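Printed here is my_file.txt (compact mmCIF, C-alpha atoms and all ligand atoms):
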```txt
# COMPACT_ATOMS: atom_id res chain seq x y z
CA MET O 189 218.77 197.71 -7.36
CA LYS O 190 216.77 200.36 -9.19
CA LYS O 191 216.82 204.01 -8.23
CA VAL O 192 213.34 205.09 -7.13
CA ALA O 193 212.18 208.67 -6.59
CA TYR O 194 209.85 209.52 -3.72
CA VAL O 195 207.80 212.53 -4.72
CA TYR O 196 206.18 214.44 -1.90
CA HIS O 197 205.44 217.99 -0.78
CA PRO O 198 204.56 218.93 2.81
CA ASP O 199 201.83 221.22 1.51
CA TYR O 200 199.88 218.14 0.41
CA LEU O 201 198.60 218.17 3.99
CA LEU O 202 196.92 221.57 3.45
CA HIS O 203 194.05 220.06 1.48
CA ALA O 204 192.06 218.99 4.50
CA PRO O 205 188.41 218.06 4.97
CA PRO O 206 186.11 220.51 6.71
CA PHE O 207 184.27 217.49 8.16
CA ASP O 208 185.06 213.86 8.93
CA HIS O 209 186.24 212.21 5.70
CA PRO O 210 188.31 209.16 4.73
CA GLU O 211 190.56 211.12 2.30
CA SER O 212 192.50 213.10 4.89
CA PRO O 213 196.06 214.36 5.43
CA ASP O 214 196.55 211.54 7.97
CA ARG O 215 197.00 209.16 5.06
CA LEU O 216 200.26 210.78 3.94
CA ILE O 217 201.42 211.40 7.51
CA ALA O 218 201.05 207.66 8.18
CA ILE O 219 202.90 206.71 4.99
CA ASN O 220 205.79 209.09 5.69
CA GLU O 221 206.17 208.03 9.31
CA HIS O 222 206.11 204.38 8.35
CA LEU O 223 208.60 204.68 5.48
CA GLN O 224 210.89 206.64 7.77
CA GLY O 225 210.45 204.14 10.60
CA VAL O 226 211.40 201.13 8.49
CA GLY O 227 214.38 202.94 6.98
CA LEU O 228 213.01 202.94 3.45
CA LEU O 229 212.75 206.70 2.96
CA ASP O 230 216.54 207.07 3.20
CA THR O 231 217.01 204.70 0.26
CA LEU O 232 214.81 206.76 -2.07
CA VAL O 233 215.64 209.85 -4.15
CA PRO O 234 213.56 212.71 -2.70
CA VAL O 235 211.78 214.92 -5.23
CA THR O 236 209.83 217.99 -4.16
CA PRO O 237 207.65 219.57 -6.84
CA ASP O 238 207.23 223.30 -7.35
CA TYR O 239 203.84 224.97 -7.58
CA PRO O 240 202.99 225.01 -11.30
CA ASP O 241 201.04 227.46 -13.41
CA ASN O 242 198.08 225.77 -15.03
CA GLY O 243 199.66 225.47 -18.51
CA GLU O 244 200.26 221.74 -18.40
CA ILE O 245 196.95 221.14 -16.64
CA LEU O 246 195.11 222.70 -19.59
CA ARG O 247 196.28 219.86 -21.82
CA VAL O 248 193.68 217.77 -19.98
CA HIS O 249 191.24 220.03 -18.15
CA ASP O 250 188.72 222.57 -19.34
CA PRO O 251 189.73 226.19 -18.55
CA ASP O 252 186.23 227.04 -17.29
CA TYR O 253 186.36 224.10 -14.90
CA LEU O 254 189.71 225.26 -13.51
CA ARG O 255 188.34 228.78 -13.03
CA SER O 256 185.21 227.53 -11.30
CA LEU O 257 187.27 225.28 -9.03
CA GLU O 258 189.54 228.17 -8.10
CA HIS O 259 186.55 230.42 -7.39
CA ALA O 260 184.77 227.76 -5.34
CA CYS O 261 187.83 227.43 -3.09
CA ARG O 262 188.21 231.18 -2.75
CA ARG O 263 184.51 231.54 -1.97
CA GLY O 264 184.78 229.00 0.84
CA ASP O 265 182.62 226.26 -0.70
CA LEU O 266 182.81 223.08 1.36
CA THR O 267 182.21 220.65 -1.50
CA LEU O 268 181.96 220.39 -5.25
CA GLU O 269 178.61 219.72 -6.86
CA ALA O 270 179.55 216.09 -6.24
CA GLU O 271 179.16 216.35 -2.50
CA ASP O 272 181.51 213.46 -1.74
CA THR O 273 184.35 215.75 -2.83
CA TYR O 274 185.28 218.38 -0.29
CA LEU O 275 187.13 221.65 -0.72
CA ASN O 276 188.92 224.07 1.51
CA LYS O 277 190.57 227.36 0.61
CA ASN O 278 193.80 225.57 -0.35
CA SER O 279 192.31 222.81 -2.44
CA TYR O 280 192.78 224.34 -5.89
CA SER O 281 196.45 225.15 -5.41
CA ILE O 282 197.13 221.81 -3.72
CA ALA O 283 195.41 219.97 -6.58
CA LEU O 284 197.79 221.80 -8.94
CA LEU O 285 200.68 220.80 -6.68
CA SER O 286 199.50 217.19 -6.67
CA ALA O 287 199.54 217.17 -10.48
CA ALA O 288 202.95 218.88 -10.37
CA GLY O 289 204.20 216.02 -8.20
CA ALA O 290 203.10 213.51 -10.80
CA MET O 291 204.85 215.52 -13.53
CA ALA O 292 208.00 215.81 -11.37
CA GLY O 293 207.98 212.02 -11.09
CA ALA O 294 207.62 211.85 -14.87
CA ASP O 295 210.56 214.24 -15.33
CA ALA O 296 212.76 212.20 -12.99
CA VAL O 297 212.04 208.97 -14.87
CA ALA O 298 212.06 210.42 -18.38
CA THR O 299 215.41 212.17 -17.89
CA GLY O 300 217.00 209.06 -16.37
CA LYS O 301 217.60 210.68 -12.98
CA VAL O 302 215.82 207.65 -11.54
CA ASP O 303 214.49 204.38 -12.94
CA ARG O 304 211.07 204.60 -11.33
CA ALA O 305 209.04 206.98 -9.19
CA PHE O 306 206.48 206.67 -6.45
CA CYS O 307 204.48 209.87 -6.02
CA ALA O 308 202.78 210.22 -2.63
CA LEU O 309 200.08 212.61 -3.83
CA ARG O 310 196.81 213.96 -2.64
CA PRO O 311 194.21 214.86 -3.61
CA PRO O 312 193.94 211.73 -5.78
CA GLY O 313 192.93 212.04 -9.42
CA HIS O 314 191.45 209.16 -11.38
CA HIS O 315 187.76 210.08 -11.03
CA ALA O 316 188.30 213.65 -12.28
CA GLY O 317 187.15 214.21 -15.85
CA ARG O 318 188.02 216.98 -18.25
CA ALA O 319 185.48 219.38 -16.75
CA VAL O 320 184.35 217.73 -13.55
CA GLY O 321 185.72 216.73 -10.17
CA MET O 322 184.21 213.86 -8.18
CA GLY O 323 185.06 210.90 -5.98
CA PHE O 324 187.53 212.91 -3.82
CA CYS O 325 189.40 213.91 -7.05
CA LEU O 326 189.86 217.43 -8.41
CA LEU O 327 192.43 217.09 -11.22
CA ASN O 328 193.35 213.89 -13.04
CA ASN O 329 196.99 213.34 -12.12
CA ALA O 330 197.45 210.24 -14.31
CA ALA O 331 195.98 211.88 -17.39
CA ILE O 332 198.02 215.04 -16.86
CA THR O 333 201.15 212.89 -16.54
CA ALA O 334 200.41 210.99 -19.75
CA ARG O 335 199.88 214.22 -21.70
CA TYR O 336 202.96 215.78 -20.11
CA LEU O 337 205.14 212.81 -21.11
CA GLN O 338 203.88 213.13 -24.66
CA ALA O 339 204.28 216.91 -24.88
CA LYS O 340 207.53 217.40 -22.97
CA HIS O 341 209.41 214.13 -23.30
CA GLY O 342 208.51 212.95 -26.80
CA VAL O 343 206.79 209.82 -25.58
CA SER O 344 204.17 208.55 -28.00
CA LYS O 345 202.52 205.62 -26.23
CA VAL O 346 201.62 205.62 -22.54
CA MET O 347 200.01 202.73 -20.67
CA ILE O 348 197.94 203.75 -17.66
CA ILE O 349 197.36 200.83 -15.31
CA ASP O 350 194.74 201.65 -12.69
CA TRP O 351 194.54 199.18 -9.82
CA ASP O 352 192.63 201.36 -7.38
CA VAL O 353 189.57 199.38 -6.25
CA HIS O 354 187.30 201.95 -7.91
CA HIS O 355 187.05 202.35 -11.67
CA GLY O 356 188.89 205.43 -12.95
CA ASN O 357 185.98 206.84 -14.91
CA GLY O 358 187.71 210.19 -15.37
CA THR O 359 190.80 208.69 -16.94
CA GLN O 360 188.74 206.39 -19.14
CA ASN O 361 186.64 209.28 -20.44
CA ILE O 362 189.64 211.51 -21.15
CA PHE O 363 191.32 208.89 -23.37
CA TRP O 364 188.15 207.20 -24.68
CA GLU O 365 188.90 208.04 -28.33
CA ASP O 366 192.69 208.27 -28.05
CA PRO O 367 194.85 205.49 -29.52
CA SER O 368 198.06 206.84 -27.94
CA VAL O 369 197.10 206.10 -24.33
CA PHE O 370 196.02 202.61 -23.32
CA TYR O 371 193.86 202.51 -20.20
CA PHE O 372 193.66 199.30 -18.17
CA SER O 373 191.60 199.24 -14.99
CA ILE O 374 191.01 196.44 -12.52
CA HIS O 375 188.38 197.27 -9.91
CA GLU O 376 185.43 195.93 -7.97
CA ASN O 377 182.48 195.25 -10.24
CA PRO O 378 180.59 198.51 -10.86
CA ALA O 379 177.28 196.83 -10.04
CA PHE O 380 178.46 196.92 -6.43
CA LEU O 381 180.79 199.90 -6.18
CA TYR O 382 181.20 203.58 -7.02
CA PRO O 383 181.33 205.06 -9.65
CA GLY O 384 179.25 202.47 -11.53
CA THR O 385 181.36 202.34 -14.70
CA GLY O 386 184.15 200.05 -15.90
CA ARG O 387 182.25 197.17 -17.41
CA ARG O 388 183.95 194.72 -19.73
CA TRP O 389 182.23 196.08 -22.81
CA GLU O 390 183.54 199.61 -22.25
CA THR O 391 186.47 199.41 -24.66
CA GLY O 392 186.88 202.87 -26.21
CA LYS O 393 185.53 204.47 -29.34
CA GLY O 394 186.65 205.53 -32.80
CA ALA O 395 190.45 205.60 -33.04
CA GLY O 396 190.51 204.61 -29.37
CA GLU O 397 188.46 201.43 -29.86
CA GLY O 398 190.23 198.59 -28.08
CA MET O 399 192.51 200.95 -26.14
CA THR O 400 190.43 200.71 -22.96
CA LEU O 401 190.38 197.40 -21.09
CA ASN O 402 188.33 196.88 -17.96
CA ALA O 403 188.65 193.96 -15.56
CA PRO O 404 185.73 194.17 -13.12
CA MET O 405 186.15 191.81 -10.17
CA ALA O 406 183.39 190.25 -8.11
CA PRO O 407 183.12 191.29 -4.46
CA GLY O 408 185.25 188.89 -2.44
CA ALA O 409 187.86 188.45 -5.19
CA GLY O 410 191.43 188.51 -3.90
CA ASN O 411 195.05 187.73 -4.65
CA ASP O 412 194.47 184.79 -7.01
CA GLU O 413 191.78 186.44 -9.10
CA TYR O 414 193.83 189.63 -9.45
CA ARG O 415 196.98 187.73 -10.40
CA LEU O 416 195.09 185.82 -13.08
CA ALA O 417 193.67 189.05 -14.51
CA PHE O 418 197.14 190.60 -14.60
CA GLU O 419 198.53 187.54 -16.36
CA GLN O 420 195.66 186.82 -18.73
CA MET O 421 194.30 190.29 -19.55
CA LEU O 422 196.92 192.91 -18.74
CA ALA O 423 200.06 191.08 -19.94
CA PRO O 424 198.74 190.38 -23.48
CA ALA O 425 197.49 193.97 -23.71
CA VAL O 426 200.96 195.27 -22.82
CA ASP O 427 202.52 192.99 -25.45
CA ARG O 428 200.08 194.21 -28.10
CA PHE O 429 200.27 197.93 -27.28
CA ARG O 430 204.05 198.12 -26.68
CA PRO O 431 204.03 201.22 -24.44
CA GLU O 432 207.08 203.36 -23.74
CA VAL O 433 206.24 203.94 -20.08
CA PHE O 434 203.79 202.79 -17.41
CA VAL O 435 201.80 205.31 -15.38
CA LEU O 436 200.17 203.55 -12.44
CA SER O 437 197.05 204.74 -10.65
CA THR O 438 197.97 202.97 -7.45
CA GLY O 439 195.16 202.60 -4.95
CA PHE O 440 195.54 200.51 -1.83
CA ASP O 441 191.80 200.42 -1.22
CA ALA O 442 191.51 196.91 -2.69
CA HIS O 443 193.07 195.66 0.55
CA ARG O 444 190.79 193.39 2.59
CA ASP O 445 190.88 195.80 5.55
CA ASP O 446 189.86 198.86 3.54
CA PRO O 447 186.43 200.13 4.60
CA LEU O 448 185.31 201.46 1.20
CA ALA O 449 185.09 198.24 -0.85
CA ASP O 450 184.88 194.45 -0.74
CA ILE O 451 188.00 193.19 -2.49
CA GLU O 452 190.27 190.96 -0.43
CA LEU O 453 193.84 191.71 -1.49
CA THR O 454 196.48 191.23 1.19
CA GLU O 455 200.03 192.51 1.58
CA GLU O 456 201.22 189.39 -0.28
CA GLY O 457 198.81 190.21 -3.08
CA TYR O 458 200.10 193.76 -3.44
CA GLN O 459 203.65 192.43 -3.45
CA CYS O 460 202.90 189.85 -6.14
CA LEU O 461 201.02 192.34 -8.34
CA SER O 462 203.74 194.99 -7.95
CA GLY O 463 206.27 192.36 -9.01
CA ILE O 464 204.23 191.49 -12.08
CA LEU O 465 204.04 195.18 -13.03
CA VAL O 466 207.82 195.51 -12.69
CA ASP O 467 208.36 192.41 -14.86
CA LEU O 468 205.94 193.70 -17.50
CA ALA O 469 207.63 197.10 -17.51
CA ASN O 470 211.07 195.50 -17.83
CA ARG O 471 209.84 193.44 -20.76
CA SER O 472 208.02 196.22 -22.60
CA CYS O 473 209.30 199.68 -21.73
CA GLY O 474 212.77 199.59 -20.23
CA GLY O 475 211.33 199.18 -16.74
CA LYS O 476 210.00 202.75 -16.61
CA ILE O 477 207.22 203.15 -14.06
CA ILE O 478 205.66 206.30 -12.60
CA SER O 479 203.38 205.20 -9.77
CA LEU O 480 200.82 207.71 -8.49
CA LEU O 481 198.99 207.26 -5.20
CA GLU O 482 195.20 207.21 -5.56
CA GLY O 483 193.03 205.67 -2.80
CA GLY O 484 193.67 203.62 0.33
CA TYR O 485 191.75 204.53 3.46
CA GLU O 486 192.78 202.10 6.18
CA ARG O 487 195.89 203.41 7.88
CA GLU O 488 197.75 200.18 8.67
CA SER O 489 197.27 198.47 5.31
CA LEU O 490 197.88 201.75 3.45
CA MET O 491 201.30 202.26 4.99
CA ARG O 492 202.37 198.62 4.82
CA CYS O 493 201.27 198.18 1.20
CA THR O 494 202.98 201.42 0.19
CA GLU O 495 206.22 200.09 1.67
CA ILE O 496 205.82 196.72 -0.08
CA HIS O 497 205.00 198.38 -3.41
CA ILE O 498 208.04 200.68 -3.24
CA ARG O 499 210.33 197.77 -2.31
CA GLU O 500 209.16 195.95 -5.44
CA LEU O 501 209.79 199.08 -7.54
CA GLN O 502 213.37 199.01 -6.24
CA LYS O 503 213.95 195.51 -7.61
CA ASP O 504 215.71 195.00 -10.95
ZN ZN F 601 189.55 204.15 -4.79
```
Would you mind giving the structure from this file in structure tokens?
Amino acid sequence: MKKVAYVYHPDYLLHAPPFDHPESPDRLIAINEHLQGVGLLDTLVPVTPDYPDNGEILRVHDPDYLRSLEHACRRGDLTLEAEDTYLNKNSYSIALLSAAGAMAGADAVATGKVDRAFCALRPPGHHAGRAVGMGFCLLNNAAITARYLQAKHGVSKVMIIDWDVHHGNGTQNIFWEDPSVFYFSIHENPAFLYPGTGRRWETGKGAGEGMTLNAPMAPGAGNDEYRLAFEQMLAPAVDRFRPEVFVLSTGFDAHRDDPLADIELTEEGYQCLSGILVDLANRSCGGKIISLLEGGYERESLMRCTEIHIRELQKD
């Protein structure tokens, strides 16, 4: 059985919506209670991140954006310019702490303290671009993790696999021209779902041409269609790119019960796909996986799928 870190900080609950909103602290409360209730939490290696300075964050994000985000929180703004993305006075520091959690997961895996990590983070990250927050995301945790692995742990090639139901436009943009980070995203077709990017022909540019791979799925697609895409698109890409580590943008909002989209994955689907990811990681990068929580807005499926995903990460 593999050693898996569970990265969490109680302060993640302090980023809370000033109005009714699906991305709320209840999500992590539900996950923690469930993992405790089924006895899984006790089998994981707990990792609690420290508040970081913004040094590592600046490898990805624009300093003026960070300053404006900090000021907006201090000023008491209720949202970003993108009004789907709320703020409270804690949001800037908790976004830093969320990124710190992802980096703590990266440290634990890269130093061999654990084999894999699941990071129960919020706010989520994959819609955040270099100088913009949107889609409930303030800082791009996956991108920060990739850059951190490269800068601090001598990793050259990182594979980001984004299976949140929404396309990770922020992550794609950040690595658009970068041949050292491969970005794969599977998501509901952007003709039907936010943020409207992630078409098949978006493949990167310049030195990064071919290093972005999008698998848009028709509304109503489910376990079989996702499994085929993992086997026929993702697996060959992993074999070609030969990454040293996987960073997962793990969203559970592709579940059939999730209110924000129309993909029909079930618990069995999440189990099968998690198993495929573990097999691919074993084959290509010594099994190293850092899984970062992104979306997932229906309480029951969120907590059950998180459990199932972590149990697969524990398998050899
Ligand atoms: Zn999502």
With 6 Å as the cut-off and all atoms listed in the file counted, what is the closest atom pair between each nearby residue of chain O and ligand ZN 601 (chain F)? Distances in Å to one decimal, ordered by chain and number, as CSV.
```
residue,atom,partner,partner_atom,distance
O:Asp352,CA,F:ZN601,ZN,4.9
O:Val353,CA,F:ZN601,ZN,5.0
O:His354,CA,F:ZN601,ZN,4.4
O:Gly439,CA,F:ZN601,ZN,5.8
O:Asp441,CA,F:ZN601,ZN,5.6
O:Gly483,CA,F:ZN601,ZN,4.3
```
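Summary of the local environment: counting only C-alpha atoms, residues at most 9 Å from Gln360 of chain O, other than itself and those fewer than 4 positions away along its chain, are His314, His315, Gly317, His355, Gly356, Trp364, Tyr371, Phe372, Ser373, Gly386, Gly392 and Thr400 of chain O.
Closest approach to Ser281 of chain O from the set O:Leu201, O:Glu221, O:Arg304, O:Asn357 is made by O:Leu201, with distances taken over all atoms listed in the file.
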Next on the checklist: List the spatial neighbours of segment 442-458 of chain O as a ChimeraX atom specification - criterion: any atom at most 6 Å away, only C-alpha atoms, same-chain residues fewer than 6 positions off excluded.
Outcome noted: /O:353,407-411,485-486,493
Write the residues of the selection above to a file with C-alpha atoms, as a PDB file, in the frame of the given file.
```pdb
ATOM      1  CA  VAL O 353     189.570 199.380  -6.250  1.00  0.00           C
ATOM      2  CA  PRO O 407     183.120 191.290  -4.460  1.00  0.00           C
ATOM      3  CA  GLY O 408     185.250 188.890  -2.440  1.00  0.00           C
ATOM      4  CA  ALA O 409     187.860 188.450  -5.190  1.00  0.00           C
ATOM      5  CA  GLY O 410     191.430 188.510  -3.900  1.00  0.00           C
ATOM      6  CA  ASN O 411     195.050 187.730  -4.650  1.00  0.00           C
ATOM      7  CA  TYR O 485     191.750 204.530   3.460  1.00  0.00           C
ATOM      8  CA  GLU O 486     192.780 202.100   6.180  1.00  0.00           C
ATOM      9  CA  CYS O 493     201.270 198.180   1.200  1.00  0.00           C
TER      10      CYS O 493
END
```
With a cut-off of 12 Å, could you pull out the residues of segment 246-309 of chain O touching segment 467-474 of chain O and give me the nearest pair of atoms for each, distance in Å to one decimal, using all atoms listed in the file, ordered by chain and ascending number, as CSV?
```
residue,atom,partner,partner_atom,distance
O:Val297,CA,O:Gly474,CA,10.8
O:Ala298,CA,O:Gly474,CA,11.0
O:Gly300,CA,O:Gly474,CA,11.1
O:Asp303,CA,O:Gly474,CA,8.9
O:Arg304,CA,O:Ala469,CA,10.3
```
Store the residues picked out above, limited to C-alpha atoms, as a compact mmCIF listing (two decimals), keeping the file's coordinate frame.
```txt
# COMPACT_ATOMS: atom_id res chain seq x y z
CA VAL O 297 212.04 208.97 -14.87
CA ALA O 298 212.06 210.42 -18.38
CA GLY O 300 217.00 209.06 -16.37
CA ASP O 303 214.49 204.38 -12.94
CA ARG O 304 211.07 204.60 -11.33
```
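Nearest-residue note for Arg430 of chain O: choosing from O:Lys277, O:Arg215, O:Lys503, O:Lys345, the minimum distance belongs to O:Lys345, counting all atoms listed in the file.
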Item to check | Tyr274 of chain O surroundings by all atoms listed in the file, 12 Å radius, close-in-sequence under 4 positions cut, as a ChimeraX atom specification | outcome: /O:203-212,257,260-261,264-270,278-280,311,321-326
Output file for the residues above (C-alpha atoms, as an mmCIF file, in the coordinates of the input):
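As written to disk, part.cif reads:
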```cif
data_model
loop_
_atom_site.group_PDB
_atom_site.id
_atom_site.type_symbol
_atom_site.label_atom_id
_atom_site.label_comp_id
_atom_site.auth_asym_id
_atom_site.auth_seq_id
_atom_site.Cartn_x
_atom_site.Cartn_y
_atom_site.Cartn_z
ATOM 1 C CA HIS O 203 194.050 220.060 1.480
ATOM 2 C CA ALA O 204 192.060 218.990 4.500
ATOM 3 C CA PRO O 205 188.410 218.060 4.970
ATOM 4 C CA PRO O 206 186.110 220.510 6.710
ATOM 5 C CA PHE O 207 184.270 217.490 8.160
ATOM 6 C CA ASP O 208 185.060 213.860 8.930
ATOM 7 C CA HIS O 209 186.240 212.210 5.700
ATOM 8 C CA PRO O 210 188.310 209.160 4.730
ATOM 9 C CA GLU O 211 190.560 211.120 2.300
ATOM 10 C CA SER O 212 192.500 213.100 4.890
ATOM 11 C CA LEU O 257 187.270 225.280 -9.030
ATOM 12 C CA ALA O 260 184.770 227.760 -5.340
ATOM 13 C CA CYS O 261 187.830 227.430 -3.090
ATOM 14 C CA GLY O 264 184.780 229.000 0.840
ATOM 15 C CA ASP O 265 182.620 226.260 -0.700
ATOM 16 C CA LEU O 266 182.810 223.080 1.360
ATOM 17 C CA THR O 267 182.210 220.650 -1.500
ATOM 18 C CA LEU O 268 181.960 220.390 -5.250
ATOM 19 C CA GLU O 269 178.610 219.720 -6.860
ATOM 20 C CA ALA O 270 179.550 216.090 -6.240
ATOM 21 C CA ASN O 278 193.800 225.570 -0.350
ATOM 22 C CA SER O 279 192.310 222.810 -2.440
ATOM 23 C CA TYR O 280 192.780 224.340 -5.890
ATOM 24 C CA PRO O 311 194.210 214.860 -3.610
ATOM 25 C CA GLY O 321 185.720 216.730 -10.170
ATOM 26 C CA MET O 322 184.210 213.860 -8.180
ATOM 27 C CA GLY O 323 185.060 210.900 -5.980
ATOM 28 C CA PHE O 324 187.530 212.910 -3.820
ATOM 29 C CA CYS O 325 189.400 213.910 -7.050
ATOM 30 C CA LEU O 326 189.860 217.430 -8.410
#
```
Checklist entry - At what distance in Å, to one decimal, does atom CA of Ile477 of chain O lie from atom CA of Leu401 of chain O? => result 19.1 Å
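Pairwise distance (atom CA of Gly396 of chain O, atom CA of Phe363 of chain O) equals 7.4 Å.
Atom CA of Val302 of chain O lies 6.2 Å from atom CA of Ala193 of chain O.
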